[in-house]
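Chemist: Here you go, work.txt (compact mmCIF, C-alpha atoms):
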# COMPACT_ATOMS: atom_id res chain seq x y z
CA MET A 297 107.68 138.27 183.39
CA ASN A 298 106.52 134.88 182.30
CA LEU A 299 104.59 132.12 183.98
CA HIS A 300 105.81 128.56 184.00
CA ILE A 301 103.15 125.91 184.51
CA ASP A 302 104.04 122.39 185.53
CA ASP A 303 101.25 119.87 185.83
CA HIS A 304 101.49 116.41 187.39
CA LEU A 305 99.58 113.88 189.47
CA GLU A 306 100.18 113.26 193.17
CA GLN A 307 98.11 110.31 194.39
CA ASP A 308 95.12 111.11 192.18
CA VAL A 309 95.33 114.83 192.95
CA GLY A 310 95.96 116.98 189.90
CA VAL A 311 98.69 119.39 190.92
CA LEU A 312 99.49 122.57 189.03
CA LYS A 313 102.79 124.10 190.12
CA LEU A 314 103.15 127.68 189.00
CA SER A 315 106.21 129.86 188.96
CA GLY A 316 106.53 133.45 187.79
CA GLU A 317 103.96 136.22 187.45
CA ILE A 318 100.21 136.06 186.82
CA ASP A 319 98.94 139.08 184.90
CA ALA A 320 96.92 140.00 181.82
CA TYR A 321 99.59 138.46 179.60
CA THR A 322 100.02 135.12 181.36
CA ALA A 323 96.48 134.58 182.73
CA PRO A 324 94.98 133.17 179.48
CA GLN A 325 97.40 130.20 179.35
CA LEU A 326 96.83 129.54 183.07
CA LYS A 327 93.06 129.63 182.58
CA GLU A 328 93.20 127.12 179.75
CA LYS A 329 95.34 124.62 181.67
CA LEU A 330 93.58 125.02 184.99
CA LEU A 331 90.04 124.73 183.65
CA SER A 332 90.82 121.58 181.68
CA LEU A 333 92.43 120.07 184.78
CA VAL A 334 89.44 120.97 187.01
CA GLU A 335 87.14 119.53 184.37
CA GLU A 336 89.03 116.21 184.36
CA LYS A 337 90.17 115.64 187.94
CA PRO A 338 87.96 115.42 191.03
CA ASN A 339 90.80 116.90 193.10
CA VAL A 340 92.91 119.81 191.95
CA GLU A 341 95.59 121.69 193.86
CA VAL A 342 97.36 124.82 192.63
CA ASP A 343 100.77 125.46 194.18
CA LEU A 344 101.60 129.18 194.21
CA LEU A 345 104.88 128.97 196.15
CA LYS A 346 106.90 130.44 193.31
CA VAL A 347 104.37 133.01 192.18
CA SER A 348 105.94 136.36 193.00
CA TYR A 349 103.22 138.56 191.55
CA MET A 350 99.50 138.30 190.84
CA ASP A 351 96.72 140.78 190.09
CA SER A 352 92.96 140.69 189.42
CA THR A 353 93.44 138.73 186.20
CA GLY A 354 94.65 135.86 188.41
CA LEU A 355 91.68 136.28 190.75
CA GLY A 356 89.45 136.01 187.67
CA VAL A 357 91.05 132.71 186.63
CA PHE A 358 90.61 131.21 190.11
CA ILE A 359 86.99 132.36 190.28
CA SER A 360 86.33 130.58 186.96
CA ALA A 361 88.02 127.44 188.29
CA LEU A 362 85.97 127.60 191.49
CA LYS A 363 82.72 127.92 189.55
CA LEU A 364 83.60 124.99 187.32
CA SER A 365 84.63 122.82 190.28
CA LYS A 366 81.27 123.50 192.00
CA GLU A 367 79.42 122.60 188.82
CA LYS A 368 81.31 119.33 188.56
CA GLY A 369 81.27 118.59 192.28
CA HIS A 370 85.08 118.60 192.23
CA GLU A 371 87.53 119.84 194.88
CA PHE A 372 89.72 122.82 194.09
CA LYS A 373 92.26 124.47 196.36
CA LEU A 374 95.19 126.88 196.40
CA VAL A 375 98.32 126.17 198.46
CA ASN A 376 101.56 127.94 199.46
CA LEU A 377 100.60 131.52 198.75
CA GLN A 378 103.14 134.28 199.27
CA GLU A 379 102.00 137.07 201.58
CA ASN A 380 101.57 139.66 198.80
CA VAL A 381 99.51 137.21 196.74
CA TYR A 382 97.31 136.14 199.67
CA ARG A 383 96.65 139.78 200.46
CA LEU A 384 94.59 140.22 197.29
CA PHE A 385 92.30 137.33 198.28
CA ASN A 386 91.96 138.92 201.68
CA ILE A 387 91.17 142.44 200.41
CA THR A 388 88.55 141.14 197.96
CA GLY A 389 87.03 138.67 200.44
CA LEU A 390 87.74 135.77 198.07
CA ASN A 391 89.63 133.97 200.85
CA GLU A 392 86.13 133.27 202.25
CA VAL A 393 84.95 131.40 199.16
CA ILE A 394 88.10 129.81 197.77
CA ASN A 395 89.80 126.98 199.65
CA ILE A 396 93.27 128.29 200.58
CA GLU A 397 95.91 126.39 202.55
CA ASN A 398 99.42 126.99 203.80
CA THR A 399 100.21 130.60 203.12
CA VAL A 400 103.93 131.20 203.55
CA GLU A 401 105.93 134.00 205.16
CA GLY A 402 103.05 134.97 207.44
CA GLU A 403 101.04 133.86 210.42
CA ILE A 404 97.87 133.28 208.38
CA SER A 405 97.08 129.58 208.10
CA MET B 179 100.20 176.90 193.85
CA LYS B 180 103.35 175.60 192.25
CA GLN B 181 105.21 172.52 193.29
CA ALA B 182 108.37 171.15 191.73
CA PHE B 183 108.19 167.56 190.59
CA ASP B 184 109.85 165.11 188.23
CA PHE B 185 107.76 163.70 185.46
CA VAL B 186 108.32 160.52 183.47
CA GLU B 187 106.11 159.66 180.53
CA MET B 188 105.97 156.41 178.59
CA LYS B 189 103.96 155.28 175.62
CA VAL B 190 103.53 151.58 174.96
CA PRO B 191 101.51 149.51 172.50
CA ALA B 192 98.11 148.55 173.94
CA LYS B 193 99.15 144.92 174.39
CA SER B 194 99.12 142.86 177.56
CA GLU B 195 102.79 141.84 177.22
CA PHE B 196 103.77 145.42 178.13
CA VAL B 197 101.98 145.39 181.49
CA GLY B 198 104.96 143.63 183.06
CA VAL B 199 107.40 146.15 181.59
CA LEU B 200 105.50 149.00 183.21
CA ARG B 201 105.43 147.08 186.48
CA LEU B 202 109.21 147.09 186.44
CA THR B 203 109.18 150.81 185.74
CA ILE B 204 106.87 151.74 188.63
CA SER B 205 108.84 149.44 190.89
CA GLY B 206 112.07 151.25 190.02
CA LEU B 207 110.63 154.75 190.38
CA ALA B 208 108.87 154.00 193.68
CA ASN B 209 112.01 152.39 195.06
CA ARG B 210 114.03 155.49 194.14
CA MET B 211 111.48 157.66 195.99
CA GLY B 212 111.80 155.59 199.16
CA PHE B 213 108.51 153.68 199.23
CA SER B 214 108.52 150.53 201.36
CA TYR B 215 108.44 146.99 199.95
CA GLU B 216 104.71 146.64 200.73
CA GLU B 217 103.88 150.01 199.20
CA ILE B 218 105.80 149.10 196.06
CA GLU B 219 103.76 145.88 195.81
CA ASP B 220 100.57 147.97 196.09
CA LEU B 221 101.81 150.33 193.37
CA LYS B 222 102.69 147.41 191.09
CA VAL B 223 99.22 145.88 191.40
CA ALA B 224 97.36 149.20 191.04
CA THR B 225 99.43 150.23 188.00
CA SER B 226 99.00 146.83 186.34
CA GLU B 227 95.24 146.94 186.93
CA ALA B 228 94.89 150.40 185.38
CA ILE B 229 97.04 149.48 182.39
CA THR B 230 95.18 146.19 181.89
CA ASN B 231 91.92 148.19 181.85
CA ALA B 232 93.40 150.64 179.35
CA VAL B 233 94.67 147.81 177.13
CA ASN B 234 91.25 146.11 177.18
CA HIS B 235 89.50 149.41 176.56
CA ALA B 236 91.76 150.36 173.66
CA TYR B 237 91.02 146.95 172.19
CA TYR B 238 87.43 147.92 171.33
CA ASP B 239 88.60 151.05 169.55
CA GLU B 240 90.49 149.97 166.46
CA ASP B 241 92.49 153.12 165.85
CA THR B 242 93.84 153.57 169.40
CA GLY B 243 96.81 151.28 169.62
CA GLU B 244 98.71 152.95 172.45
CA VAL B 245 98.53 153.47 176.18
CA THR B 246 100.20 156.54 177.70
CA ILE B 247 101.47 156.42 181.26
CA GLY B 248 102.73 159.41 183.23
CA PHE B 249 104.48 159.26 186.59
CA GLY B 250 104.55 162.52 188.59
CA MET B 251 107.07 162.28 191.41
CA TYR B 252 106.59 164.82 194.20
CA ASP B 253 108.35 165.13 197.56
CA ASP B 254 105.40 163.58 199.36
CA ARG B 255 103.63 161.44 196.77
CA ILE B 256 103.59 159.77 193.38
CA GLU B 257 100.83 160.40 190.88
CA ILE B 258 100.32 157.84 188.14
CA MET B 259 98.29 158.73 185.09
CA ILE B 260 97.11 156.13 182.62
CA ALA B 261 95.36 157.10 179.38
CA ASP B 262 94.13 154.76 176.68
CA ARG B 263 94.59 157.31 173.92
CA GLY B 264 97.93 157.81 172.26
CA GLY B 265 98.23 161.57 172.78
CA SER B 266 100.58 163.16 175.32
CA PHE B 267 99.23 164.51 178.57
CA ASP B 268 98.31 168.13 178.91
CA LEU B 269 98.61 168.14 182.69
CA LYS B 270 96.73 171.39 183.21
CA GLU B 271 93.87 170.37 180.97
CA ILE B 272 93.54 166.97 182.65
CA ARG B 273 93.51 168.57 186.10
CA GLU B 274 90.65 170.82 185.12
CA GLN B 275 88.54 167.99 183.76
CA ILE B 276 89.06 165.37 186.38
CA GLY B 277 86.48 164.46 189.01
CA PRO B 278 86.69 162.32 192.14
CA TYR B 279 86.14 158.59 191.78
CA ASN B 280 82.47 157.91 192.27
CA ASP B 281 80.64 154.59 192.35
CA GLY B 282 77.66 155.79 190.36
CA GLU B 283 79.50 157.06 187.29
CA SER B 284 79.15 155.34 183.96
CA SER B 285 82.90 155.35 183.26
CA VAL B 286 83.37 153.27 186.37
CA GLU B 287 80.71 150.80 185.28
CA GLU B 288 82.53 150.38 182.03
CA MET B 289 85.80 149.58 183.76
CA ARG B 290 84.17 147.12 186.15
CA GLU B 291 83.93 144.64 183.30
CA GLY B 292 87.41 143.59 184.30
CA GLY B 293 86.09 142.35 187.66
CA PHE B 294 88.16 143.32 190.67
CA GLY B 295 90.57 145.66 188.91
CA LEU B 296 89.14 149.01 189.90
CA PHE B 297 88.21 147.74 193.33
CA LEU B 298 91.86 146.86 193.95
CA ILE B 299 93.10 150.21 192.61
CA ASP B 300 90.78 151.96 195.02
CA ALA B 301 91.84 149.76 197.93
CA LEU B 302 95.58 150.05 197.31
CA MET B 303 95.94 153.72 196.41
CA ASP B 304 95.26 156.81 198.53
CA LYS B 305 93.37 158.74 195.87
CA VAL B 306 91.80 157.72 192.54
CA GLU B 307 90.31 160.01 189.93
CA ILE B 308 88.79 159.06 186.58
CA ASN B 309 88.14 161.18 183.54
CA ASN B 310 86.12 159.82 180.66
CA ASN B 311 85.82 162.66 178.13
CA HIS B 312 88.42 161.56 175.61
CA GLY B 313 89.16 157.91 176.13
CA VAL B 314 89.61 156.94 179.78
CA ILE B 315 92.20 158.60 181.99
CA VAL B 316 92.91 157.32 185.48
CA ILE B 317 94.96 159.39 187.92
CA MET B 318 95.95 157.64 191.10
CA THR B 319 98.02 158.90 193.99
CA LYS B 320 100.01 157.24 196.73
CA PHE B 321 101.53 159.31 199.53
CA LEU B 322 104.99 158.78 200.86
CA TYR B 323 104.82 158.54 204.64
CA GLU B 324 108.38 158.97 205.77
CA ASN B 325 109.45 156.81 208.65
CA GLU B 326 111.44 158.09 211.59
CA VAL B 327 114.72 157.05 210.04
CA GLY B 328 113.89 159.35 207.15
CA GLN B 329 113.19 162.27 209.49
CA ASN B 330 116.68 161.90 210.91
CA GLY B 331 118.17 162.22 207.47
CA ASP B 332 119.32 158.64 207.41
CA GLN B 333 117.51 157.89 204.19
CA ILE B 334 118.37 158.77 200.63
CA SER B 335 116.40 161.85 199.69
CA THR B 336 116.35 164.20 196.73
CA THR B 337 115.42 167.24 198.82
CA GLN B 338 118.26 169.44 200.01
Before we go any further, please render this structure as structure tokens.

Modeler:
Amino acid sequence: MNLHIDDHLEQDVGVLKLSGEIDAYTAPQLKEKLLSLVEEKPNVEVDLLKVSYMDSTGLGVFISALKLSKEKGHEFKLVNLQENVYRLFNITGLNEVINIENTVEGEIS
Amino acid sequence: MKQAFDFVEMKVPAKSEFVGVLRLTISGLANRMGFSYEEIEDLKVATSEAITNAVNHAYYDEDTGEVTIGFGMYDDRIEIMIADRGGSFDLKEIREQIGPYNDGESSVEEMREGGFGLFLIDALMDKVEINNNHGVIVIMTKFLYENEVGQNGDQISTTQ
């Protein structure tokens, strides 16, 4: 029930690779890392391939990151979402405002 | 109207590190009852949201350091109760005081501080009720729709 955060650069794109669960316990550390990365890098990508669980605390973190990226004129996107994680963006309509690519295990693209 | 059911009650410290523990619990109970993978995911999110709300709520109240969670397992549904006060549930008393979830109520406004939490609970569960007289109590229900395999007795069931 932890979240592992790995952060590295891929051709000037700041990539945050997450693995584990995003909830009230793990969201604060994610928020801290993600916001400082969005602040610094004009292009940020969050890889959620290995995120098996997420709830509204995760949505909150990504909303903050989106707001900050708009302020800074930076690009921010989410990639490789599992079906159950993507579903929450879909239910809340956040898939319309957040840039999401490559969901896995489903036909949504 | 009496209906037999199994009841599991847990009390945990009002700290976010216990949300994951309760997620494992609901996952195990729902799996035992025969809920599908997708339904179990819904139950995990809804339960986590309600407990996160309770943990945040208890935070403002210095002397309430516990969250109480009750799982009522019926033949056709699971009822999950989450209270941000330490006391045990008096099921009958709670039933009498509970009202249907309503957008205009102040207790709901209070919980909305957490953003999408209550919205998700409402979207993922079949029924949500909130009581705000003594602390906040959320009761949420998910029905067990048996598939055809179940009707043919090909599924593990506790009913005889």

Chemist: One decimal, in Å: what's the spacing between CA of Val340 in chain A and CA of Gly389 in chain A?

Modeler: 21.5 Å

Chemist: Excluding same-chain residues fewer than 2 positions from range 370-378 of chain A, what lies within 7 Å of it counting all atoms listed in the file, as a JSON list (two decimals) with C-alpha atoms, in the frame of the given file?

Modeler:
[["chain", "number", "residue", "atom", "x", "y", "z"],
["A", 338, "PRO", "CA", 87.96, 115.42, 191.03],
["A", 339, "ASN", "CA", 90.80, 116.90, 193.10],
["A", 340, "VAL", "CA", 92.91, 119.81, 191.95],
["A", 341, "GLU", "CA", 95.59, 121.69, 193.86],
["A", 342, "VAL", "CA", 97.36, 124.82, 192.63],
["A", 343, "ASP", "CA", 100.77, 125.46, 194.18],
["A", 344, "LEU", "CA", 101.60, 129.18, 194.21],
["A", 345, "LEU", "CA", 104.88, 128.97, 196.15],
["A", 362, "LEU", "CA", 85.97, 127.60, 191.49],
["A", 365, "SER", "CA", 84.63, 122.82, 190.28],
["A", 366, "LYS", "CA", 81.27, 123.50, 192.00],
["A", 368, "LYS", "CA", 81.31, 119.33, 188.56],
["A", 380, "ASN", "CA", 101.57, 139.66, 198.80],
["A", 381, "VAL", "CA", 99.51, 137.21, 196.74],
["A", 382, "TYR", "CA", 97.31, 136.14, 199.67],
["A", 394, "ILE", "CA", 88.10, 129.81, 197.77],
["A", 395, "ASN", "CA", 89.80, 126.98, 199.65],
["A", 396, "ILE", "CA", 93.27, 128.29, 200.58],
["A", 397, "GLU", "CA", 95.91, 126.39, 202.55],
["A", 398, "ASN", "CA", 99.42, 126.99, 203.80],
["A", 399, "THR", "CA", 100.21, 130.60, 203.12],
["A", 400, "VAL", "CA", 103.93, 131.20, 203.55],
["A", 401, "GLU", "CA", 105.93, 134.00, 205.16]]

Chemist: Using only C-alpha atoms, find the residues of chain B whose closest atom to chain A is at most 12 Å away, then write them as an MDAnalysis selection string.

Modeler: chainID B and resid 192:202 215:234 290:302

Chemist: Please list as a list in words every residue within 8 Å of Val314 in chain B, counting all atoms listed in the file and excluding residues in the same chain fewer than 4 positions away.

Modeler: Ala232, Ala261, Asp262, Arg263, Ser285, Ile308, Asn309 and Asn310 of chain B

Chemist: Please return, as a list in words, all polymer residues that have at least one atom within 9 Å of the point (97.4, 159.4, 199.0); use only C-alpha atoms and the file's own coordinate frame.

Modeler: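 Within 9 Å of (97.4, 159.4, 199.0), the protein and nucleic acid residues are Arg255, Ile256, Glu257, Met303, Asp304, Lys305, Val306, Met318, Thr319, Lys320, Phe321 and Leu322 of chain B.
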
Chemist: Just give me the gap between CA of Ser214 in chain B and CA of Ile315 in chain B in Å, one decimal is fine.

Modeler: 26.6 Å

Chemist: Measure the distance from CA of Phe185 in chain B to CA of Met259 in chain B in Å and round it to one decimal.

Modeler: 10.7 Å

Chemist: With the input short on atoms, add N, CA and C atoms back to range 338-362 of chain A and write it as a tab-separated table (two decimals), in the coordinates of the input.

Modeler:
chain	number	residue	atom	x	y	z
A	338	PRO	N	88.83	115.08	189.89
A	338	PRO	CA	87.96	115.42	191.03
A	338	PRO	C	88.68	116.21	192.12
A	339	ASN	N	90.03	116.15	192.11
A	339	ASN	CA	90.80	116.90	193.10
A	339	ASN	C	91.92	117.67	192.42
A	340	VAL	N	91.88	118.99	192.58
A	340	VAL	CA	92.91	119.81	191.95
A	340	VAL	C	93.52	120.76	192.99
A	341	GLU	N	94.86	120.83	192.93
A	341	GLU	CA	95.59	121.69	193.86
A	341	GLU	C	96.51	122.59	193.05
A	342	VAL	N	96.47	123.89	193.33
A	342	VAL	CA	97.36	124.82	192.63
A	342	VAL	C	98.41	125.33	193.61
A	343	ASP	N	99.67	125.06	193.30
A	343	ASP	CA	100.77	125.46	194.18
A	343	ASP	C	101.35	126.79	193.71
A	344	LEU	N	101.20	127.81	194.59
A	344	LEU	CA	101.60	129.18	194.21
A	344	LEU	C	102.90	129.61	194.90
A	345	LEU	N	103.66	128.65	195.40
A	345	LEU	CA	104.88	128.97	196.15
A	345	LEU	C	105.80	129.92	195.38
A	346	LYS	N	105.94	129.65	194.09
A	346	LYS	CA	106.90	130.44	193.31
A	346	LYS	C	106.24	131.53	192.47
A	347	VAL	N	105.02	131.89	192.87
A	347	VAL	CA	104.37	133.01	192.18
A	347	VAL	C	104.70	134.29	192.95
A	348	SER	N	105.46	135.16	192.32
A	348	SER	CA	105.94	136.36	193.00
A	348	SER	C	105.00	137.54	192.82
A	349	TYR	N	104.13	137.45	191.82
A	349	TYR	CA	103.22	138.56	191.55
A	349	TYR	C	101.92	138.03	190.98
A	350	MET	N	100.80	138.63	191.42
A	350	MET	CA	99.50	138.30	190.84
A	350	MET	C	98.61	139.52	190.94
A	351	ASP	N	97.71	139.70	189.96
A	351	ASP	CA	96.72	140.78	190.09
A	351	ASP	C	95.31	140.25	189.80
A	352	SER	N	94.36	141.13	189.52
A	352	SER	CA	92.96	140.69	189.42
A	352	SER	C	92.72	139.72	188.27
A	353	THR	N	93.61	139.71	187.28
A	353	THR	CA	93.44	138.73	186.20
A	353	THR	C	93.59	137.31	186.75
A	354	GLY	N	94.48	137.15	187.74
A	354	GLY	CA	94.65	135.86	188.41
A	354	GLY	C	93.42	135.52	189.24
A	355	LEU	N	92.90	136.51	189.96
A	355	LEU	CA	91.68	136.28	190.75
A	355	LEU	C	90.57	135.79	189.83
A	356	GLY	N	90.47	136.40	188.65
A	356	GLY	CA	89.45	136.01	187.67
A	356	GLY	C	89.57	134.55	187.26
A	357	VAL	N	90.81	134.10	187.03
A	357	VAL	CA	91.05	132.71	186.63
A	357	VAL	C	90.60	131.76	187.75
A	358	PHE	N	90.95	132.10	189.00
A	358	PHE	CA	90.61	131.21	190.11
A	358	PHE	C	89.11	131.21	190.40
A	359	ILE	N	88.45	132.33	190.13
A	359	ILE	CA	86.99	132.36	190.28
A	359	ILE	C	86.34	131.43	189.25
A	360	SER	N	86.85	131.48	188.00
A	360	SER	CA	86.33	130.58	186.96
A	360	SER	C	86.52	129.12	187.36
A	361	ALA	N	87.71	128.81	187.89
A	361	ALA	CA	88.02	127.44	188.29
A	361	ALA	C	87.10	127.00	189.44
A	362	LEU	N	86.85	127.91	190.37
A	362	LEU	CA	85.97	127.60	191.49
A	362	LEU	C	84.56	127.28	191.01
